[in-house]
Amino acid sequence: MKNLDVIIADDHQLFRSGMSLLVESFKAVGNVRQASNGKEVINLIKEKKPHVVLMDIEMPVMNGLEASEYIIRHFDEVKIIAVTSHKSDTFIIHMLEAGVHGYLLKEADPEEVEKAIESVVERDFFHNDLIISVMRKGLMKKADRPSILSKKELTEREVQVIKLICKEKTNQEIGEELFISPRTVEKIRASAINKLGVKGTVGLVKYAIEYGYDL
């Protein structure tokens with residue numbers, strides 16, 4: 001994995017410029033472009049689709065949540081990592097439910113930022129302690145589980161794949177462990193997503209947390 005195209009979206013020029021310099025130093029990253037609001041991000045994507053967008057939440061013209069929802073609907077191959085100073089469970093849940101692939105605080109270490117970029121490209125999702133904690137707290141507040149989330153709906157192989165996804169395994173690594181091809185792994189993942197009616201890999205991880213598959 002190399003020459004990843006990344007967009008940094010933030011309305012504060014100083015932070016945006018500093019983050020761009022940092023991201024450009026990562027071995028896997030090639031081109032880095034900048035945007036000051038969600039509308040600029042979308043225009044840049046229309047010119048050339050990036051692999052990853054590092055998206056601030058609070059921006060003028062179009063905020064990060066609105067931009068993320070648009071991008072996920074129209075450019076679902078683009079991975080989005082929310083990068084914000086907001087630690088509120090509400091912000092995190094809203095962004096995850098919108099379908100973003102990761103959530104980082106602006107105080108994150110450079111190593112975590114680099115890992116997040118590589119993870120969303122290789123594994124479709126980056127989950128750190130912050131995300132897992134919020135997911136668990138959110139699920140604990142639910143009085144009832146939706147009937148659609150039933151263990152009986154998944155095959156043993158689908159459960160195996162979900163467990164390995166939660167261990168941050170790539171399709172290649174999962175395939176090697178289960179003695180199947182990466183393409184078959186992707187088909188199984190897609191089948192599980194369709195059965196459960198969830199949004200992508202983040203939905204599978206939430207499901208796994210609810211039923212203890214991530215432990």
# chains A, B, ... in the order shown; residues from 1 in each chain; ligands from 1

call {"tool": "residues_around", "arguments": {"residues": "A:Gly102", "least_positions_apart": "4", "cutoff": "8 Å", "atoms": "only C-alpha atoms", "output": "PyMOL selection string"}}
result
chain A and resi 80-82+96+116+120+125-127

call {"tool": "residues_around", "arguments": {"residues": "stretch 129-133 of chain A", "least_positions_apart": "6", "cutoff": "10 Å", "atoms": "only C-alpha atoms", "output": "MDAnalysis selection string"}}
result
chainID A and resid 87 89 92:93 96 102:105 205:206 209 214

call {"tool": "select_by_dssp", "arguments": {"residues": "stretch 156-211 of chain A", "states": "alpha helix (DSSP H)", "output": "MDAnalysis selection string"}}
result
chainID A and resid 156:166 171:178 182:196 200:211

call {"tool": "write_last_selection", "arguments": {"atoms": "N, CA and C atoms", "output": "short mmCIF file (atom, residue, chain, number, x, y, z; two decimals), in the first residue's frame"}}
result
data_model
loop_
_atom_site.label_atom_id
_atom_site.label_comp_id
_atom_site.auth_asym_id
_atom_site.auth_seq_id
_atom_site.Cartn_x
_atom_site.Cartn_y
_atom_site.Cartn_z
N GLU A 156 -21.98 -19.69 10.58
CA GLU A 156 -20.77 -19.82 11.40
C GLU A 156 -19.60 -19.10 10.74
N ARG A 157 -19.51 -19.20 9.42
CA ARG A 157 -18.41 -18.55 8.69
C ARG A 157 -18.53 -17.03 8.78
N GLU A 158 -19.74 -16.51 8.71
CA GLU A 158 -19.93 -15.07 8.82
C GLU A 158 -19.51 -14.56 10.20
N VAL A 159 -19.84 -15.33 11.23
CA VAL A 159 -19.43 -14.97 12.58
C VAL A 159 -17.91 -15.00 12.70
N GLN A 160 -17.28 -16.00 12.11
CA GLN A 160 -15.82 -16.09 12.14
C GLN A 160 -15.18 -14.85 11.50
N VAL A 161 -15.72 -14.44 10.36
CA VAL A 161 -15.18 -13.28 9.66
C VAL A 161 -15.37 -12.01 10.49
N ILE A 162 -16.54 -11.85 11.10
CA ILE A 162 -16.80 -10.67 11.93
C ILE A 162 -15.83 -10.61 13.09
N LYS A 163 -15.58 -11.74 13.73
CA LYS A 163 -14.65 -11.77 14.85
C LYS A 163 -13.26 -11.33 14.42
N LEU A 164 -12.84 -11.78 13.26
CA LEU A 164 -11.50 -11.43 12.78
C LEU A 164 -11.43 -9.97 12.33
N ILE A 165 -12.53 -9.44 11.82
CA ILE A 165 -12.59 -8.01 11.49
C ILE A 165 -12.35 -7.19 12.75
N CYS A 166 -12.95 -7.63 13.86
CA CYS A 166 -12.80 -6.91 15.13
C CYS A 166 -11.37 -7.00 15.66
N ASN A 171 -8.63 -8.44 4.74
CA ASN A 171 -9.24 -9.55 4.00
C ASN A 171 -8.21 -10.62 3.69
N GLN A 172 -6.99 -10.19 3.35
CA GLN A 172 -5.92 -11.13 3.05
C GLN A 172 -5.60 -11.98 4.28
N GLU A 173 -5.46 -11.33 5.44
CA GLU A 173 -5.13 -12.04 6.67
C GLU A 173 -6.26 -12.97 7.11
N ILE A 174 -7.49 -12.51 6.96
CA ILE A 174 -8.64 -13.35 7.31
C ILE A 174 -8.69 -14.57 6.40
N GLY A 175 -8.45 -14.34 5.11
CA GLY A 175 -8.46 -15.44 4.16
C GLY A 175 -7.42 -16.50 4.49
N GLU A 176 -6.23 -16.04 4.86
CA GLU A 176 -5.15 -16.98 5.20
C GLU A 176 -5.51 -17.78 6.44
N GLU A 177 -6.15 -17.14 7.41
CA GLU A 177 -6.51 -17.83 8.65
C GLU A 177 -7.64 -18.84 8.44
N LEU A 178 -8.57 -18.51 7.55
CA LEU A 178 -9.73 -19.38 7.32
C LEU A 178 -9.57 -20.25 6.08
N PRO A 182 -9.28 -13.86 -0.39
CA PRO A 182 -9.72 -12.53 0.05
C PRO A 182 -11.05 -12.12 -0.58
N ARG A 183 -11.27 -12.53 -1.83
CA ARG A 183 -12.53 -12.20 -2.50
C ARG A 183 -13.70 -12.89 -1.81
N THR A 184 -13.49 -14.13 -1.37
CA THR A 184 -14.53 -14.84 -0.64
C THR A 184 -14.81 -14.16 0.69
N VAL A 185 -13.75 -13.68 1.35
CA VAL A 185 -13.90 -12.96 2.61
C VAL A 185 -14.79 -11.73 2.39
N GLU A 186 -14.54 -11.00 1.31
CA GLU A 186 -15.32 -9.80 1.01
C GLU A 186 -16.78 -10.15 0.75
N LYS A 187 -17.02 -11.26 0.07
CA LYS A 187 -18.40 -11.70 -0.20
C LYS A 187 -19.12 -12.05 1.10
N ILE A 188 -18.40 -12.72 2.01
CA ILE A 188 -18.99 -13.09 3.30
C ILE A 188 -19.29 -11.84 4.12
N ARG A 189 -18.37 -10.88 4.11
CA ARG A 189 -18.57 -9.62 4.82
C ARG A 189 -19.79 -8.89 4.27
N ALA A 190 -19.90 -8.83 2.95
CA ALA A 190 -21.03 -8.16 2.31
C ALA A 190 -22.34 -8.86 2.64
N SER A 191 -22.30 -10.19 2.68
CA SER A 191 -23.50 -10.96 3.01
C SER A 191 -23.97 -10.66 4.43
N ALA A 192 -23.02 -10.59 5.37
CA ALA A 192 -23.36 -10.30 6.77
C ALA A 192 -23.95 -8.89 6.90
N ILE A 193 -23.35 -7.94 6.20
CA ILE A 193 -23.85 -6.56 6.23
C ILE A 193 -25.29 -6.51 5.71
N ASN A 194 -25.54 -7.23 4.61
CA ASN A 194 -26.87 -7.25 4.01
C ASN A 194 -27.89 -7.91 4.93
N LYS A 195 -27.52 -9.01 5.56
CA LYS A 195 -28.44 -9.73 6.45
C LYS A 195 -28.82 -8.88 7.66
N LEU A 196 -27.85 -8.18 8.20
CA LEU A 196 -28.08 -7.42 9.43
C LEU A 196 -28.65 -6.03 9.16
N GLY A 200 -22.06 -0.84 6.58
CA GLY A 200 -20.66 -1.19 6.41
C GLY A 200 -20.01 -1.89 7.59
N THR A 201 -18.69 -1.81 7.60
CA THR A 201 -17.91 -2.50 8.62
C THR A 201 -18.17 -1.97 10.01
N VAL A 202 -18.42 -0.66 10.12
CA VAL A 202 -18.71 -0.10 11.44
C VAL A 202 -19.96 -0.75 12.03
N GLY A 203 -20.94 -1.06 11.19
CA GLY A 203 -22.14 -1.74 11.66
C GLY A 203 -21.85 -3.14 12.15
N LEU A 204 -20.96 -3.83 11.46
CA LEU A 204 -20.57 -5.17 11.89
C LEU A 204 -19.85 -5.13 13.24
N VAL A 205 -19.00 -4.12 13.42
CA VAL A 205 -18.28 -3.99 14.68
C VAL A 205 -19.26 -3.70 15.82
N LYS A 206 -20.24 -2.83 15.58
CA LYS A 206 -21.25 -2.54 16.60
C LYS A 206 -22.03 -3.80 16.95
N TYR A 207 -22.37 -4.58 15.95
CA TYR A 207 -23.07 -5.85 16.17
C TYR A 207 -22.22 -6.77 17.03
N ALA A 208 -20.93 -6.86 16.68
CA ALA A 208 -20.02 -7.74 17.41
C ALA A 208 -19.90 -7.33 18.88
N ILE A 209 -19.86 -6.03 19.13
CA ILE A 209 -19.76 -5.54 20.50
C ILE A 209 -21.03 -5.91 21.27
N GLU A 210 -22.18 -5.77 20.62
CA GLU A 210 -23.45 -6.06 21.29
C GLU A 210 -23.52 -7.51 21.73
N TYR A 211 -22.99 -8.40 20.91
CA TYR A 211 -23.08 -9.82 21.24
C TYR A 211 -21.79 -10.40 21.81
#

call {"tool": "closest_residue", "arguments": {"among": "A:Ile45, A:Ala35, A:Ala98, A:Ile117", "to": "A:Leu4", "atoms": "only C-alpha atoms"}}
result
A:Ile117

call {"tool": "closest_residue", "arguments": {"among": "A:Arg123, A:Lys27, A:His94, A:His86", "to": "A:Glu107", "atoms": "only C-alpha atoms"}}
result
A:His86

call {"tool": "closest_residue", "arguments": {"among": "A:Ile42, A:Val113, A:Val61, A:Val121", "to": "A:Ser20", "atoms": "only C-alpha atoms"}}
result
A:Val113

call {"tool": "closest_residue", "arguments": {"among": "A:His101, A:Ser17, A:Asp10, A:Gly30", "to": "A:Lys199", "atoms": "only C-alpha atoms"}}
result
A:His101

call {"tool": "closest_residue", "arguments": {"among": "A:Asn63, A:Ser119, A:Ser25, A:Asn31", "to": "A:Lys48", "atoms": "only C-alpha atoms"}}
result
A:Asn31

call {"tool": "closest_residue", "arguments": {"among": "A:Val83, A:Val32, A:Val78, A:Met59", "to": "A:Val6", "atoms": "only C-alpha atoms"}}
result
A:Val32

call {"tool": "decode", "arguments": {"residues": "stretch 65-143 of chain A", "atoms": "C-alpha atoms", "output": "mmCIF file, in the first residue's frame"}}
result
data_model
loop_
_atom_site.group_PDB
_atom_site.id
_atom_site.type_symbol
_atom_site.label_atom_id
_atom_site.label_comp_id
_atom_site.auth_asym_id
_atom_site.auth_seq_id
_atom_site.Cartn_x
_atom_site.Cartn_y
_atom_site.Cartn_z
ATOM 1 C CA LEU A 65 -21.453 15.581 9.095
ATOM 2 C CA GLU A 66 -23.318 16.918 6.056
ATOM 3 C CA ALA A 67 -20.290 16.430 3.820
ATOM 4 C CA SER A 68 -19.697 12.893 5.119
ATOM 5 C CA GLU A 69 -23.305 11.872 4.464
ATOM 6 C CA TYR A 70 -23.083 13.219 0.899
ATOM 7 C CA ILE A 71 -19.742 11.527 0.207
ATOM 8 C CA ILE A 72 -20.907 8.178 1.572
ATOM 9 C CA ARG A 73 -24.010 8.313 -0.653
ATOM 10 C CA HIS A 74 -22.208 9.323 -3.833
ATOM 11 C CA PHE A 75 -18.576 8.169 -3.405
ATOM 12 C CA ASP A 76 -18.803 5.127 -1.135
ATOM 13 C CA GLU A 77 -15.269 4.004 -2.005
ATOM 14 C CA VAL A 78 -13.816 7.100 -0.286
ATOM 15 C CA LYS A 79 -12.892 6.483 3.363
ATOM 16 C CA ILE A 80 -13.679 9.184 5.919
ATOM 17 C CA ILE A 81 -11.988 9.719 9.270
ATOM 18 C CA ALA A 82 -13.534 12.364 11.510
ATOM 19 C CA VAL A 83 -10.798 14.479 13.117
ATOM 20 C CA THR A 84 -12.141 16.783 15.802
ATOM 21 C CA SER A 85 -11.669 18.166 19.295
ATOM 22 C CA HIS A 86 -15.126 16.911 20.311
ATOM 23 C CA LYS A 87 -15.030 14.041 22.799
ATOM 24 C CA SER A 88 -18.811 14.019 23.258
ATOM 25 C CA ASP A 89 -20.472 10.633 22.799
ATOM 26 C CA THR A 90 -23.183 12.387 20.783
ATOM 27 C CA PHE A 91 -20.738 13.694 18.175
ATOM 28 C CA ILE A 92 -19.017 10.333 17.883
ATOM 29 C CA ILE A 93 -22.270 8.386 17.563
ATOM 30 C CA HIS A 94 -23.662 10.798 14.954
ATOM 31 C CA MET A 95 -20.541 10.487 12.813
ATOM 32 C CA LEU A 96 -20.405 6.698 13.122
ATOM 33 C CA GLU A 97 -24.093 6.385 12.295
ATOM 34 C CA ALA A 98 -23.485 8.565 9.252
ATOM 35 C CA GLY A 99 -21.067 5.867 8.103
ATOM 36 C CA VAL A 100 -17.608 7.331 8.703
ATOM 37 C CA HIS A 101 -14.796 4.818 8.894
ATOM 38 C CA GLY A 102 -12.941 6.200 11.916
ATOM 39 C CA TYR A 103 -12.898 8.931 14.561
ATOM 40 C CA LEU A 104 -9.805 10.698 15.871
ATOM 41 C CA LEU A 105 -9.290 13.511 18.337
ATOM 42 C CA LYS A 106 -7.083 16.410 17.231
ATOM 43 C CA GLU A 107 -4.809 15.583 20.136
ATOM 44 C CA ALA A 108 -4.091 12.109 18.707
ATOM 45 C CA ASP A 109 -0.460 11.034 18.342
ATOM 46 C CA PRO A 110 0.997 11.034 14.803
ATOM 47 C CA GLU A 111 1.363 7.254 15.023
ATOM 48 C CA GLU A 112 -2.371 6.865 15.611
ATOM 49 C CA VAL A 113 -3.198 9.134 12.679
ATOM 50 C CA GLU A 114 -0.947 7.089 10.402
ATOM 51 C CA LYS A 115 -2.439 3.831 11.661
ATOM 52 C CA ALA A 116 -5.975 5.146 11.139
ATOM 53 C CA ILE A 117 -5.296 6.101 7.509
ATOM 54 C CA GLU A 118 -3.781 2.722 6.709
ATOM 55 C CA SER A 119 -6.495 0.858 8.612
ATOM 56 C CA VAL A 120 -9.491 2.409 6.837
ATOM 57 C CA VAL A 121 -7.922 1.613 3.467
ATOM 58 C CA GLU A 122 -6.911 -1.949 4.339
ATOM 59 C CA ARG A 123 -9.749 -2.898 6.706
ATOM 60 C CA ASP A 124 -12.541 -0.412 5.906
ATOM 61 C CA PHE A 125 -12.677 0.720 9.544
ATOM 62 C CA PHE A 126 -10.445 2.039 12.311
ATOM 63 C CA HIS A 127 -11.605 1.449 15.864
ATOM 64 C CA ASN A 128 -9.651 2.789 18.809
ATOM 65 C CA ASP A 129 -10.428 2.692 22.538
ATOM 66 C CA LEU A 130 -12.522 5.868 22.264
ATOM 67 C CA ILE A 131 -14.848 4.422 19.624
ATOM 68 C CA ILE A 132 -15.217 1.057 21.345
ATOM 69 C CA SER A 133 -15.992 2.735 24.675
ATOM 70 C CA VAL A 134 -18.703 4.918 23.125
ATOM 71 C CA MET A 135 -20.220 1.972 21.279
ATOM 72 C CA ARG A 136 -20.395 -0.101 24.444
ATOM 73 C CA LYS A 137 -21.969 2.719 26.443
ATOM 74 C CA GLY A 138 -24.500 3.337 23.697
ATOM 75 C CA LEU A 139 -25.480 -0.299 23.474
ATOM 76 C CA MET A 140 -25.795 -0.590 27.259
ATOM 77 C CA LYS A 141 -28.411 2.184 27.168
ATOM 78 C CA LYS A 142 -30.628 0.285 24.749
ATOM 79 C CA ALA A 143 -33.608 -1.284 26.445
#
